[in-house]
Amino acid sequence: MSETSGVAGGLADPEPRGVSPYATGGGGVTLERRVAVMYLMRLLTGATAVELRGRRVERLAFQQAPAHRVDDLVIRAARDDGSTPLTLSVAVRRAPAFTTSDRDTEKLLGDLIADVPESLPDGAERRLAICVAGPQVAAQEVGKLAALARNQAGADGFFMQIRTRGKFSRAVQGRLAHLVNLVTASLSAVGADTSPGGAEAATWQLLRHLDILMPRVEVPDETDWSELLNQLRPWAREQTLAAAAALRDRLEALAASYAPAAADVDLAMVRRDAHELLDPDGSRVTWHRGERLNSREDQFGRADRAAGWAQQLRDRDPELAVAVAVAAVRELAPSPCAVLTLWGLTTAAQLRRLPIGHAAGPTSLAYLPDLDQLRTIDGSGTVCTWKSSGALASVTYLPGQDVGGCALLSPDGQYAIIAETRDQVALWRIPDEVFLGRRPRTPMNGLAPFSWAANGTVAGQFDYRTVDIYRLGSDGPNHVATLDVGFVSRTAWSPDGRHLAVAADDGVILFAVDTTIETVLKLPVASKSATLAWSPDGRRLAVLTPARGTSAISVHLTGKRSLRVYDVTAGGAVVTAWKLAAADMLVWSPNAAMIAYLAKGDDKDDRLVLRDVDTGEVVRRRRQPLDAQAVWWPKDDQVVTATSIHGPRVWDLAKDKSRQFSAGRIGNVSWAPNHDRAAISTVDAGPRVVGFDPTHTVRLRGGDARTVQWSPAGNIVAGADGPVIALWNPSTGKRLGVLTDGQLPIGALAWSPDGSQLAAASHDFFGVQPGLITVWDVTTRRSLRTIDGAGPLAWAPDDHSLAGTTDGTAVTIWNPRTGQVIDEWRTDQDRVKSLHWSPDSTRLAVPIDHRMEIRHQDSGTILRCVGHTDPIDNTCWSPDSRYVATAAGSGLTIWDPEQGKPMAVLSLPRSPFLVGLHWAAELSATLHDGSVLTWQLPADLWSASSEDEAPGRQLSNDERQRYGLPRQRPSPTTP
């Protein structure tokens, strides 16, 4: 129905007696009707509102002039015991200007002032309200002024407070000035006192009796209108969203009929007029207010509200959250929300890992000669053993640091020291994953002052002034000695484990370590930062230090360093001295003829340099990524480097070729239909198919991919990189073909349910060219049609709809077979990040920043799920469409999509971060390091509610009152 403007062309009929001057203008018919529906809902359900101040609606009257000058709606409410009745007169205006020159607002304020009560019977209260169409700046400022006026005993104090310099914004102070001018004009029109004092007193009186209401009941924001469905659902005949929508529509039709009749409506009248849409089961909903609190429905509602409190307490006080949830289930009602909330608070995720290799850069390497394998470890505790072909042989996971960690392998690769925290290290035996102990350490320099000897001896600076030496025995590490050497930057063991070099502040000290500890040599190295490397024969020690007179910042930027090689068998004589531009890492060749180091370059890459120790001649060099952080030389023909985010890179000296081992963080993941394998794209390591067994890894050859999607038929994996889409056989890794028809990069892919067609959305990062969706026939590799639109994309499981976006903020649904637009609506965000069809194809979930909108395709209604404090990252539906899960920050929330109610909140780590949600038999969260967390929802909620859960701590009666739980009666005293 179109809304009237309030200005008619030609001759207008005289305004009928008893009809509000605002009924045909200002607020608009639709807005006024929908506001009336909100109060009809409260009359029907007993719900209250802020402006009712704890009272419940008893009557709702329409168009009550001339008894009330402000008469769009007149609400009469009272408390449950009938005390302190309230009369609330509501003026519905779409967007009042609240500025001096606005004549409509001037007249409105004049009528409001006329309705301000002078005196009322004891206990009675009369208030006024202006209801506008959604949040508006001017209305918000007036609302703030009204709240302040209610807290001031008189006009003088109120105006003094507002005008105090710096206490309130200029906008609020200016809005008050506009109000005073409007009130002055209104008073002048009726011959009242317009003096400054009189106008200010009238303004204060008006504000202290005034509420500003800003319901969101019209497009583009219908949040409160949609929320009515949740509130009406328990009273609808079928207790479904569709039944609630029908009941809401009936209430809107009733409001349209009540207004012209100047109806005065009570509960019995509403029940009579909507009886066929209301639930007739009196055992579930009790209509008498006095009995409502004892109804089964209220017990379930109270349990749900307590569960909501428990969800909010999850991070702040987990123990209290569990106690509240337990009480909600056991003392109120085992509602699905309360049961699932308790389950979410007490369940633990099952952890599995995809063997992707390292998600962080390796920090240590060991060669296993018996197996001809390499073993690497990173700071997160991931230990990878690699075959000579570069394939993963095994992966072991030890606890470390997710970010910025470090770990050090023993020379035989059987033990590891891991920095668990900034100031603590742990010792592990790798083959059987046995923890051997931990000890605090100095947080300076990470694990740089730690080193292993071949005989199982380890040295490190655990305290600021000393180095401790431990030797591994059958019963674990045994303390050997403590060296009082001051702060050290590095330690290094000779290959035979008999000598320890320590880089201290005043030089490099060599200790002989046996049954006693002796200082055998001190090298005059004047540096507080030295890198040490023993030659494999144990005769020479290479020392890399910053160039003399160079600042730490300059060394970091330029790499200017000095390298000296000392002959420790000849009293520390200098054998070789070089000046380098290099990183602070070096390694000897296994035959002790060369030294490898990373030379700093001026271009985008560094260079790995191999240099003859005797002649100083550069023998070989090869480009390396700029972020290379370690170098090893485990075999004569192999030099290995590692970067901060990638796996090992092996330089085969015999073939002069480099090979990057398959590793790197997961950027995108798509699970196979049977959930036994996943297609992943990784940073720099290319796309792969991985299972939970390392031997099931398949490299997808012949192309790269930033986005991957597994076909519903299970026989093809599609991956997009730039404007090219590659199609692979996931079992063999062979590329089957490519799809491309443009220059713009592909940003989103979506398979048809039968896997015969693939939709691809291209986009221009700079926004110059419009986006385009191409639908491909996968068998013929031909484009079937193009659609003007953009990603993200979602193809409905029933094959009837393809969802995407246009103009960034408009969600559009097309017929995928014809390209014809079926439906479209706009969001209030710049860009929609993802779209998700329910498995039954009846609803589309659209995460938008901190909330999620669920649109029902049949009715067009939108339900909003709100409550996240972080933007939503991932979304997925349960297989039966009963629930939808959203991941945001450290929380994974399971929602009831019919009510928009959070049913459970599970914990997620913030690091490693989430890359995908998937719901098959279990709800799974895939993290960037290959971790897969899974949860199994209880199949029978009623049985789950009776399980012997941890009771949590005892709740005080104050806590019980705060969270809506029954008070605990004192136990009887035993005589």
# chains A, B, ... in the order shown; residues from 1 in each chain; ligands from 1
>>> residues_around(residues="Gly860 (chain A)", least_positions_apart="6", cutoff="12 Å", atoms="only C-alpha atoms", output="list of chain:residue names")
A:Glu222, A:Ser226, A:Leu241, A:Ala242, A:Ala245, A:Ile822, A:Asp823, A:Glu824, A:Trp825, A:Thr842, A:Arg843, A:Leu844, A:Glu853, A:Ile854
>>> residues_around(residues="region 188-201 of chain A", least_positions_apart="4", cutoff="12 Å", atoms="only C-alpha atoms", output="PDB file with all heavy atoms, in the first residue's frame")
ATOM      1  N   ARG A 103       8.155  23.743  10.550  1.00  0.00           N
ATOM      2  CA  ARG A 103       6.826  24.054  11.069  1.00  0.00           C
ATOM      3  C   ARG A 103       6.095  22.792  11.536  1.00  0.00           C
ATOM      4  O   ARG A 103       5.321  22.847  12.497  1.00  0.00           O
ATOM      5  CB  ARG A 103       6.009  24.769   9.993  1.00  0.00           C
ATOM      6  CG  ARG A 103       6.574  26.129   9.647  1.00  0.00           C
ATOM      7  CD  ARG A 103       6.416  27.111  10.831  1.00  0.00           C
ATOM      8  NE  ARG A 103       7.089  28.381  10.570  1.00  0.00           N
ATOM      9  CZ  ARG A 103       8.255  28.714  11.072  1.00  0.00           C
ATOM     10  NH1 ARG A 103       8.911  27.866  11.863  1.00  0.00           N
ATOM     11  NH2 ARG A 103       8.793  29.887  10.802  1.00  0.00           N
ATOM     12  N   GLU A 106       7.342  21.984  14.877  1.00  0.00           N
ATOM     13  CA  GLU A 106       6.843  23.011  15.814  1.00  0.00           C
ATOM     14  C   GLU A 106       5.434  22.681  16.276  1.00  0.00           C
ATOM     15  O   GLU A 106       5.118  22.753  17.459  1.00  0.00           O
ATOM     16  CB  GLU A 106       6.874  24.371  15.109  1.00  0.00           C
ATOM     17  CG  GLU A 106       6.309  25.513  15.947  1.00  0.00           C
ATOM     18  CD  GLU A 106       6.223  26.792  15.149  1.00  0.00           C
ATOM     19  OE1 GLU A 106       7.169  27.099  14.388  1.00  0.00           O
ATOM     20  OE2 GLU A 106       5.194  27.494  15.267  1.00  0.00           O
ATOM     21  N   LYS A 107       4.581  22.280  15.339  1.00  0.00           N
ATOM     22  CA  LYS A 107       3.205  21.931  15.696  1.00  0.00           C
ATOM     23  C   LYS A 107       3.173  20.668  16.547  1.00  0.00           C
ATOM     24  O   LYS A 107       2.401  20.559  17.512  1.00  0.00           O
ATOM     25  CB  LYS A 107       2.369  21.727  14.428  1.00  0.00           C
ATOM     26  CG  LYS A 107       0.874  21.506  14.685  1.00  0.00           C
ATOM     27  CD  LYS A 107       0.111  21.437  13.396  1.00  0.00           C
ATOM     28  CE  LYS A 107      -1.390  21.386  13.664  1.00  0.00           C
ATOM     29  NZ  LYS A 107      -1.779  20.327  14.583  1.00  0.00           N
ATOM     30  N   LEU A 109       5.491  19.541  18.600  1.00  0.00           N
ATOM     31  CA  LEU A 109       5.917  19.854  19.962  1.00  0.00           C
ATOM     32  C   LEU A 109       4.845  20.610  20.721  1.00  0.00           C
ATOM     33  O   LEU A 109       4.672  20.445  21.937  1.00  0.00           O
ATOM     34  CB  LEU A 109       7.229  20.635  19.935  1.00  0.00           C
ATOM     35  CG  LEU A 109       8.462  19.879  19.390  1.00  0.00           C
ATOM     36  CD1 LEU A 109       9.717  20.718  19.589  1.00  0.00           C
ATOM     37  CD2 LEU A 109       8.632  18.533  20.058  1.00  0.00           C
ATOM     38  N   GLY A 110       4.107  21.473  20.012  1.00  0.00           N
ATOM     39  CA  GLY A 110       3.010  22.184  20.660  1.00  0.00           C
ATOM     40  C   GLY A 110       1.948  21.236  21.182  1.00  0.00           C
ATOM     41  O   GLY A 110       1.439  21.397  22.304  1.00  0.00           O
ATOM     42  N   ASP A 111       1.606  20.205  20.383  1.00  0.00           N
ATOM     43  CA  ASP A 111       0.616  19.228  20.835  1.00  0.00           C
ATOM     44  C   ASP A 111       1.169  18.384  21.980  1.00  0.00           C
ATOM     45  O   ASP A 111       0.439  18.035  22.912  1.00  0.00           O
ATOM     46  CB  ASP A 111       0.212  18.324  19.673  1.00  0.00           C
ATOM     47  CG  ASP A 111      -0.636  19.071  18.651  1.00  0.00           C
ATOM     48  OD1 ASP A 111      -1.245  20.092  19.016  1.00  0.00           O
ATOM     49  OD2 ASP A 111      -0.676  18.639  17.485  1.00  0.00           O
ATOM     50  N   ILE A 113       3.361  19.406  24.209  1.00  0.00           N
ATOM     51  CA  ILE A 113       3.353  20.246  25.417  1.00  0.00           C
ATOM     52  C   ILE A 113       1.952  20.311  26.001  1.00  0.00           C
ATOM     53  O   ILE A 113       1.763  20.281  27.226  1.00  0.00           O
ATOM     54  CB  ILE A 113       3.885  21.650  25.076  1.00  0.00           C
ATOM     55  CG1 ILE A 113       5.387  21.574  24.752  1.00  0.00           C
ATOM     56  CG2 ILE A 113       3.634  22.616  26.221  1.00  0.00           C
ATOM     57  CD1 ILE A 113       5.944  22.860  24.203  1.00  0.00           C
ATOM     58  N   ALA A 114       0.959  20.362  25.122  1.00  0.00           N
ATOM     59  CA  ALA A 114      -0.423  20.410  25.600  1.00  0.00           C
ATOM     60  C   ALA A 114      -0.812  19.131  26.320  1.00  0.00           C
ATOM     61  O   ALA A 114      -1.709  19.139  27.176  1.00  0.00           O
ATOM     62  CB  ALA A 114      -1.364  20.655  24.424  1.00  0.00           C
ATOM     63  N   ALA A 149      17.270  15.100  31.017  1.00  0.00           N
ATOM     64  CA  ALA A 149      16.243  15.903  31.691  1.00  0.00           C
ATOM     65  C   ALA A 149      15.564  15.112  32.796  1.00  0.00           C
ATOM     66  O   ALA A 149      15.178  15.678  33.834  1.00  0.00           O
ATOM     67  CB  ALA A 149      15.207  16.383  30.668  1.00  0.00           C
ATOM     68  N   GLN A 152      17.305  15.440  36.194  1.00  0.00           N
ATOM     69  CA  GLN A 152      17.461  16.770  36.785  1.00  0.00           C
ATOM     70  C   GLN A 152      16.158  17.207  37.432  1.00  0.00           C
ATOM     71  O   GLN A 152      15.078  17.051  36.854  1.00  0.00           O
ATOM     72  CB  GLN A 152      17.887  17.780  35.721  1.00  0.00           C
ATOM     73  CG  GLN A 152      19.287  17.544  35.169  1.00  0.00           C
ATOM     74  CD  GLN A 152      20.365  17.753  36.213  1.00  0.00           C
ATOM     75  OE1 GLN A 152      20.256  18.628  37.078  1.00  0.00           O
ATOM     76  NE2 GLN A 152      21.427  16.939  36.137  1.00  0.00           N
ATOM     77  N   ALA A 153      16.281  17.777  38.646  1.00  0.00           N
ATOM     78  CA  ALA A 153      15.079  18.149  39.400  1.00  0.00           C
ATOM     79  C   ALA A 153      14.418  19.406  38.876  1.00  0.00           C
ATOM     80  O   ALA A 153      13.265  19.686  39.198  1.00  0.00           O
ATOM     81  CB  ALA A 153      15.430  18.321  40.881  1.00  0.00           C
ATOM     82  N   GLY A 154      15.101  20.201  38.089  1.00  0.00           N
ATOM     83  CA  GLY A 154      14.522  21.437  37.590  1.00  0.00           C
ATOM     84  C   GLY A 154      15.174  21.878  36.306  1.00  0.00           C
ATOM     85  O   GLY A 154      16.228  21.364  35.897  1.00  0.00           O
ATOM     86  N   ALA A 155      14.547  22.850  35.662  1.00  0.00           N
ATOM     87  CA  ALA A 155      15.033  23.322  34.365  1.00  0.00           C
ATOM     88  C   ALA A 155      16.389  23.997  34.498  1.00  0.00           C
ATOM     89  O   ALA A 155      17.257  23.845  33.627  1.00  0.00           O
ATOM     90  CB  ALA A 155      14.021  24.272  33.740  1.00  0.00           C
ATOM     91  N   ASP A 156      16.587  24.763  35.568  1.00  0.00           N
ATOM     92  CA  ASP A 156      17.856  25.484  35.708  1.00  0.00           C
ATOM     93  C   ASP A 156      19.046  24.534  35.742  1.00  0.00           C
ATOM     94  O   ASP A 156      20.059  24.731  35.055  1.00  0.00           O
ATOM     95  CB  ASP A 156      17.830  26.329  36.987  1.00  0.00           C
ATOM     96  CG  ASP A 156      16.839  27.485  36.897  1.00  0.00           C
ATOM     97  OD1 ASP A 156      16.438  27.818  35.760  1.00  0.00           O
ATOM     98  OD2 ASP A 156      16.462  28.020  37.949  1.00  0.00           O
ATOM     99  N   GLY A 157      18.947  23.481  36.551  1.00  0.00           N
ATOM    100  CA  GLY A 157      20.033  22.516  36.636  1.00  0.00           C
ATOM    101  C   GLY A 157      20.261  21.790  35.321  1.00  0.00           C
ATOM    102  O   GLY A 157      21.400  21.515  34.938  1.00  0.00           O
ATOM    103  N   PHE A 158      19.183  21.498  34.629  1.00  0.00           N
ATOM    104  CA  PHE A 158      19.300  20.795  33.353  1.00  0.00           C
ATOM    105  C   PHE A 158      20.047  21.649  32.330  1.00  0.00           C
ATOM    106  O   PHE A 158      21.000  21.186  31.696  1.00  0.00           O
ATOM    107  CB  PHE A 158      17.895  20.444  32.842  1.00  0.00           C
ATOM    108  CG  PHE A 158      17.865  19.963  31.421  1.00  0.00           C
ATOM    109  CD1 PHE A 158      18.432  18.762  31.063  1.00  0.00           C
ATOM    110  CD2 PHE A 158      17.263  20.739  30.439  1.00  0.00           C
ATOM    111  CE1 PHE A 158      18.402  18.315  29.742  1.00  0.00           C
ATOM    112  CE2 PHE A 158      17.226  20.308  29.123  1.00  0.00           C
ATOM    113  CZ  PHE A 158      17.802  19.092  28.774  1.00  0.00           C
ATOM    114  N   PHE A 159      19.639  22.902  32.166  1.00  0.00           N
ATOM    115  CA  PHE A 159      20.280  23.753  31.165  1.00  0.00           C
ATOM    116  C   PHE A 159      21.713  24.089  31.560  1.00  0.00           C
ATOM    117  O   PHE A 159      22.597  24.212  30.696  1.00  0.00           O
ATOM    118  CB  PHE A 159      19.455  25.027  30.953  1.00  0.00           C
ATOM    119  CG  PHE A 159      18.300  24.827  30.016  1.00  0.00           C
ATOM    120  CD1 PHE A 159      17.071  24.410  30.484  1.00  0.00           C
ATOM    121  CD2 PHE A 159      18.455  25.021  28.647  1.00  0.00           C
ATOM    122  CE1 PHE A 159      16.006  24.204  29.618  1.00  0.00           C
ATOM    123  CE2 PHE A 159      17.404  24.819  27.775  1.00  0.00           C
ATOM    124  CZ  PHE A 159      16.173  24.406  28.255  1.00  0.00           C
ATOM    125  N   MET A 160      21.969  24.236  32.855  1.00  0.00           N
ATOM    126  CA  MET A 160      23.341  24.500  33.291  1.00  0.00           C
ATOM    127  C   MET A 160      24.239  23.318  32.942  1.00  0.00           C
ATOM    128  O   MET A 160      25.377  23.497  32.481  1.00  0.00           O
ATOM    129  CB  MET A 160      23.368  24.761  34.801  1.00  0.00           C
ATOM    130  CG  MET A 160      24.766  25.099  35.341  1.00  0.00           C
ATOM    131  SD  MET A 160      24.732  25.404  37.128  1.00  0.00           S
ATOM    132  CE  MET A 160      23.644  26.826  37.190  1.00  0.00           C
ATOM    133  N   LEU A 176      19.549  21.215  21.546  1.00  0.00           N
ATOM    134  CA  LEU A 176      18.750  21.807  22.616  1.00  0.00           C
ATOM    135  C   LEU A 176      18.333  23.220  22.252  1.00  0.00           C
ATOM    136  O   LEU A 176      17.188  23.622  22.506  1.00  0.00           O
ATOM    137  CB  LEU A 176      19.536  21.797  23.929  1.00  0.00           C
ATOM    138  CG  LEU A 176      18.810  22.390  25.142  1.00  0.00           C
ATOM    139  CD1 LEU A 176      17.509  21.652  25.408  1.00  0.00           C
ATOM    140  CD2 LEU A 176      19.710  22.355  26.374  1.00  0.00           C
ATOM    141  N   ALA A 177      19.231  23.984  21.647  1.00  0.00           N
ATOM    142  CA  ALA A 177      18.871  25.346  21.222  1.00  0.00           C
ATOM    143  C   ALA A 177      17.725  25.312  20.209  1.00  0.00           C
ATOM    144  O   ALA A 177      16.785  26.130  20.270  1.00  0.00           O
ATOM    145  CB  ALA A 177      20.087  26.045  20.631  1.00  0.00           C
ATOM    146  N   HIS A 178      17.771  24.382  19.262  1.00  0.00           N
ATOM    147  CA  HIS A 178      16.666  24.231  18.304  1.00  0.00           C
ATOM    148  C   HIS A 178      15.358  23.900  19.021  1.00  0.00           C
ATOM    149  O   HIS A 178      14.297  24.447  18.679  1.00  0.00           O
ATOM    150  CB  HIS A 178      16.992  23.129  17.299  1.00  0.00           C
ATOM    151  CG  HIS A 178      17.940  23.544  16.215  1.00  0.00           C
ATOM    152  ND1 HIS A 178      17.632  24.514  15.283  1.00  0.00           N
ATOM    153  CD2 HIS A 178      19.184  23.097  15.908  1.00  0.00           C
ATOM    154  CE1 HIS A 178      18.650  24.651  14.449  1.00  0.00           C
ATOM    155  NE2 HIS A 178      19.609  23.811  14.812  1.00  0.00           N
ATOM    156  N   LEU A 179      15.411  23.014  19.999  1.00  0.00           N
ATOM    157  CA  LEU A 179      14.201  22.631  20.723  1.00  0.00           C
ATOM    158  C   LEU A 179      13.606  23.826  21.460  1.00  0.00           C
ATOM    159  O   LEU A 179      12.381  24.025  21.462  1.00  0.00           O
ATOM    160  CB  LEU A 179      14.502  21.500  21.697  1.00  0.00           C
ATOM    161  CG  LEU A 179      14.789  20.109  21.084  1.00  0.00           C
ATOM    162  CD1 LEU A 179      15.121  19.109  22.189  1.00  0.00           C
ATOM    163  CD2 LEU A 179      13.608  19.621  20.273  1.00  0.00           C
ATOM    164  N   VAL A 180      14.465  24.601  22.091  1.00  0.00           N
ATOM    165  CA  VAL A 180      13.965  25.781  22.805  1.00  0.00           C
ATOM    166  C   VAL A 180      13.283  26.735  21.826  1.00  0.00           C
ATOM    167  O   VAL A 180      12.207  27.285  22.108  1.00  0.00           O
ATOM    168  CB  VAL A 180      15.112  26.482  23.561  1.00  0.00           C
ATOM    169  CG1 VAL A 180      14.639  27.809  24.141  1.00  0.00           C
ATOM    170  CG2 VAL A 180      15.647  25.587  24.676  1.00  0.00           C
ATOM    171  N   ASN A 181      13.858  26.945  20.656  1.00  0.00           N
ATOM    172  CA  ASN A 181      13.243  27.826  19.652  1.00  0.00           C
ATOM    173  C   ASN A 181      11.908  27.271  19.174  1.00  0.00           C
ATOM    174  O   ASN A 181      10.940  28.007  18.983  1.00  0.00           O
ATOM    175  CB  ASN A 181      14.183  27.991  18.462  1.00  0.00           C
ATOM    176  CG  ASN A 181      15.434  28.769  18.819  1.00  0.00           C
ATOM    177  OD1 ASN A 181      15.445  29.524  19.801  1.00  0.00           O
ATOM    178  ND2 ASN A 181      16.489  28.604  18.048  1.00  0.00           N
ATOM    179  N   LEU A 182      11.827  25.943  18.957  1.00  0.00           N
ATOM    180  CA  LEU A 182      10.573  25.336  18.535  1.00  0.00           C
ATOM    181  C   LEU A 182       9.513  25.460  19.614  1.00  0.00           C
ATOM    182  O   LEU A 182       8.336  25.767  19.332  1.00  0.00           O
ATOM    183  CB  LEU A 182      10.804  23.862  18.192  1.00  0.00           C
ATOM    184  CG  LEU A 182      11.573  23.565  16.897  1.00  0.00           C
ATOM    185  CD1 LEU A 182      11.996  22.097  16.857  1.00  0.00           C
ATOM    186  CD2 LEU A 182      10.721  23.899  15.677  1.00  0.00           C
ATOM    187  N   VAL A 183       9.903  25.222  20.872  1.00  0.00           N
ATOM    188  CA  VAL A 183       8.951  25.344  21.982  1.00  0.00           C
ATOM    189  C   VAL A 183       8.496  26.783  22.126  1.00  0.00           C
ATOM    190  O   VAL A 183       7.314  27.076  22.360  1.00  0.00           O
ATOM    191  CB  VAL A 183       9.580  24.808  23.275  1.00  0.00           C
ATOM    192  CG1 VAL A 183       8.714  25.177  24.481  1.00  0.00           C
ATOM    193  CG2 VAL A 183       9.781  23.309  23.196  1.00  0.00           C
ATOM    194  N   THR A 184       9.414  27.732  21.994  1.00  0.00           N
ATOM    195  CA  THR A 184       9.048  29.159  22.083  1.00  0.00           C
ATOM    196  C   THR A 184       8.001  29.510  21.035  1.00  0.00           C
ATOM    197  O   THR A 184       7.000  30.198  21.334  1.00  0.00           O
ATOM    198  CB  THR A 184      10.290  30.031  21.896  1.00  0.00           C
ATOM    199  OG1 THR A 184      11.257  29.712  22.914  1.00  0.00           O
ATOM    200  CG2 THR A 184       9.939  31.508  21.994  1.00  0.00           C
ATOM    201  N   GLN A 205      10.158  20.373  30.918  1.00  0.00           N
ATOM    202  CA  GLN A 205       8.989  19.561  31.247  1.00  0.00           C
ATOM    203  C   GLN A 205       8.664  18.584  30.122  1.00  0.00           C
ATOM    204  O   GLN A 205       8.342  17.416  30.362  1.00  0.00           O
ATOM    205  CB  GLN A 205       7.782  20.464  31.518  1.00  0.00           C
ATOM    206  CG  GLN A 205       7.763  21.121  32.877  1.00  0.00           C
ATOM    207  CD  GLN A 205       7.384  20.149  33.987  1.00  0.00           C
ATOM    208  OE1 GLN A 205       7.154  18.965  33.757  1.00  0.00           O
ATOM    209  NE2 GLN A 205       7.368  20.639  35.230  1.00  0.00           N
ATOM    210  N   LEU A 206       8.740  19.082  28.891  1.00  0.00           N
ATOM    211  CA  LEU A 206       8.471  18.201  27.759  1.00  0.00           C
ATOM    212  C   LEU A 206       9.484  17.063  27.699  1.00  0.00           C
ATOM    213  O   LEU A 206       9.112  15.885  27.562  1.00  0.00           O
ATOM    214  CB  LEU A 206       8.511  19.011  26.463  1.00  0.00           C
ATOM    215  CG  LEU A 206       8.488  18.193  25.157  1.00  0.00           C
ATOM    216  CD1 LEU A 206       7.208  17.402  25.060  1.00  0.00           C
ATOM    217  CD2 LEU A 206       8.660  19.114  23.962  1.00  0.00           C
ATOM    218  N   LEU A 207      10.763  17.377  27.805  1.00  0.00           N
ATOM    219  CA  LEU A 207      11.803  16.366  27.662  1.00  0.00           C
ATOM    220  C   LEU A 207      11.736  15.316  28.770  1.00  0.00           C
ATOM    221  O   LEU A 207      11.950  14.120  28.516  1.00  0.00           O
ATOM    222  CB  LEU A 207      13.187  17.023  27.643  1.00  0.00           C
ATOM    223  CG  LEU A 207      13.548  17.795  26.376  1.00  0.00           C
ATOM    224  CD1 LEU A 207      14.846  18.562  26.565  1.00  0.00           C
ATOM    225  CD2 LEU A 207      13.678  16.835  25.190  1.00  0.00           C
ATOM    226  N   ARG A 208      11.440  15.729  30.001  1.00  0.00           N
ATOM    227  CA  ARG A 208      11.438  14.753  31.084  1.00  0.00           C
ATOM    228  C   ARG A 208      10.280  13.770  30.996  1.00  0.00           C
ATOM    229  O   ARG A 208      10.296  12.722  31.630  1.00  0.00           O
ATOM    230  CB  ARG A 208      11.443  15.453  32.445  1.00  0.00           C
ATOM    231  CG  ARG A 208      10.200  16.259  32.776  1.00  0.00           C
ATOM    232  CD  ARG A 208      10.419  17.102  34.031  1.00  0.00           C
ATOM    233  NE  ARG A 208      10.593  16.272  35.200  1.00  0.00           N
ATOM    234  CZ  ARG A 208       9.602  15.998  36.078  1.00  0.00           C
ATOM    235  NH1 ARG A 208       8.397  16.489  35.887  1.00  0.00           N
ATOM    236  NH2 ARG A 208       9.827  15.245  37.126  1.00  0.00           N
TER     237      ARG A 208
END
>>> residues_around(residues="Ala349 (chain A)", least_positions_apart="6", cutoff="8 Å", atoms="only C-alpha atoms", output="tab-separated table (two decimals) with all heavy atoms, in the first residue's frame")
chain	number	residue	atom	x	y	z
A	933	LEU	N	39.36	-29.35	13.89
A	933	LEU	CA	38.61	-29.53	15.12
A	933	LEU	C	37.21	-30.01	14.77
A	933	LEU	O	36.56	-29.45	13.88
A	933	LEU	CB	38.52	-28.21	15.90
A	933	LEU	CG	39.85	-27.52	16.22
A	933	LEU	CD1	39.58	-26.18	16.88
A	933	LEU	CD2	40.71	-28.39	17.11
A	934	THR	N	36.74	-31.04	15.45
A	934	THR	CA	35.41	-31.58	15.14
A	934	THR	C	34.59	-31.70	16.41
A	934	THR	O	35.11	-31.97	17.50
A	934	THR	CB	35.51	-32.96	14.48
A	934	THR	OG1	36.19	-33.87	15.35
A	934	THR	CG2	36.26	-32.88	13.15
A	935	TRP	N	33.28	-31.47	16.24
A	935	TRP	CA	32.31	-31.61	17.34
A	935	TRP	C	31.14	-32.45	16.85
A	935	TRP	O	30.69	-32.29	15.72
A	935	TRP	CB	31.78	-30.25	17.79
A	935	TRP	CG	32.79	-29.32	18.35
A	935	TRP	CD1	33.14	-29.15	19.66
A	935	TRP	CD2	33.59	-28.37	17.62
A	935	TRP	NE1	34.10	-28.18	19.79
A	935	TRP	CE2	34.39	-27.68	18.54
A	935	TRP	CE3	33.69	-28.04	16.27
A	935	TRP	CZ2	35.29	-26.68	18.17
A	935	TRP	CZ3	34.59	-27.05	15.89
A	935	TRP	CH2	35.37	-26.39	16.84
>>> atom_distance(atom1="CA of Val866 (chain A)", atom2="CA of Pro902 (chain A)")
8.7 Å
>>> residues_around(residues="Ser489 (chain A)", least_positions_apart="2", cutoff="7 Å", atoms="only C-alpha atoms", output="ChimeraX atom specification")
/A:445,448-449,487,503-504,528-530
>>> atom_distance(atom1="CA of Thr491 (chain A)", atom2="CA of Ala642 (chain A)")
21.2 Å
>>> residues_around(residues="His836 (chain A)", least_positions_apart="6", cutoff="7 Å", atoms="only C-alpha atoms", output="ChimeraX atom specification")
/A:794,844-846,876
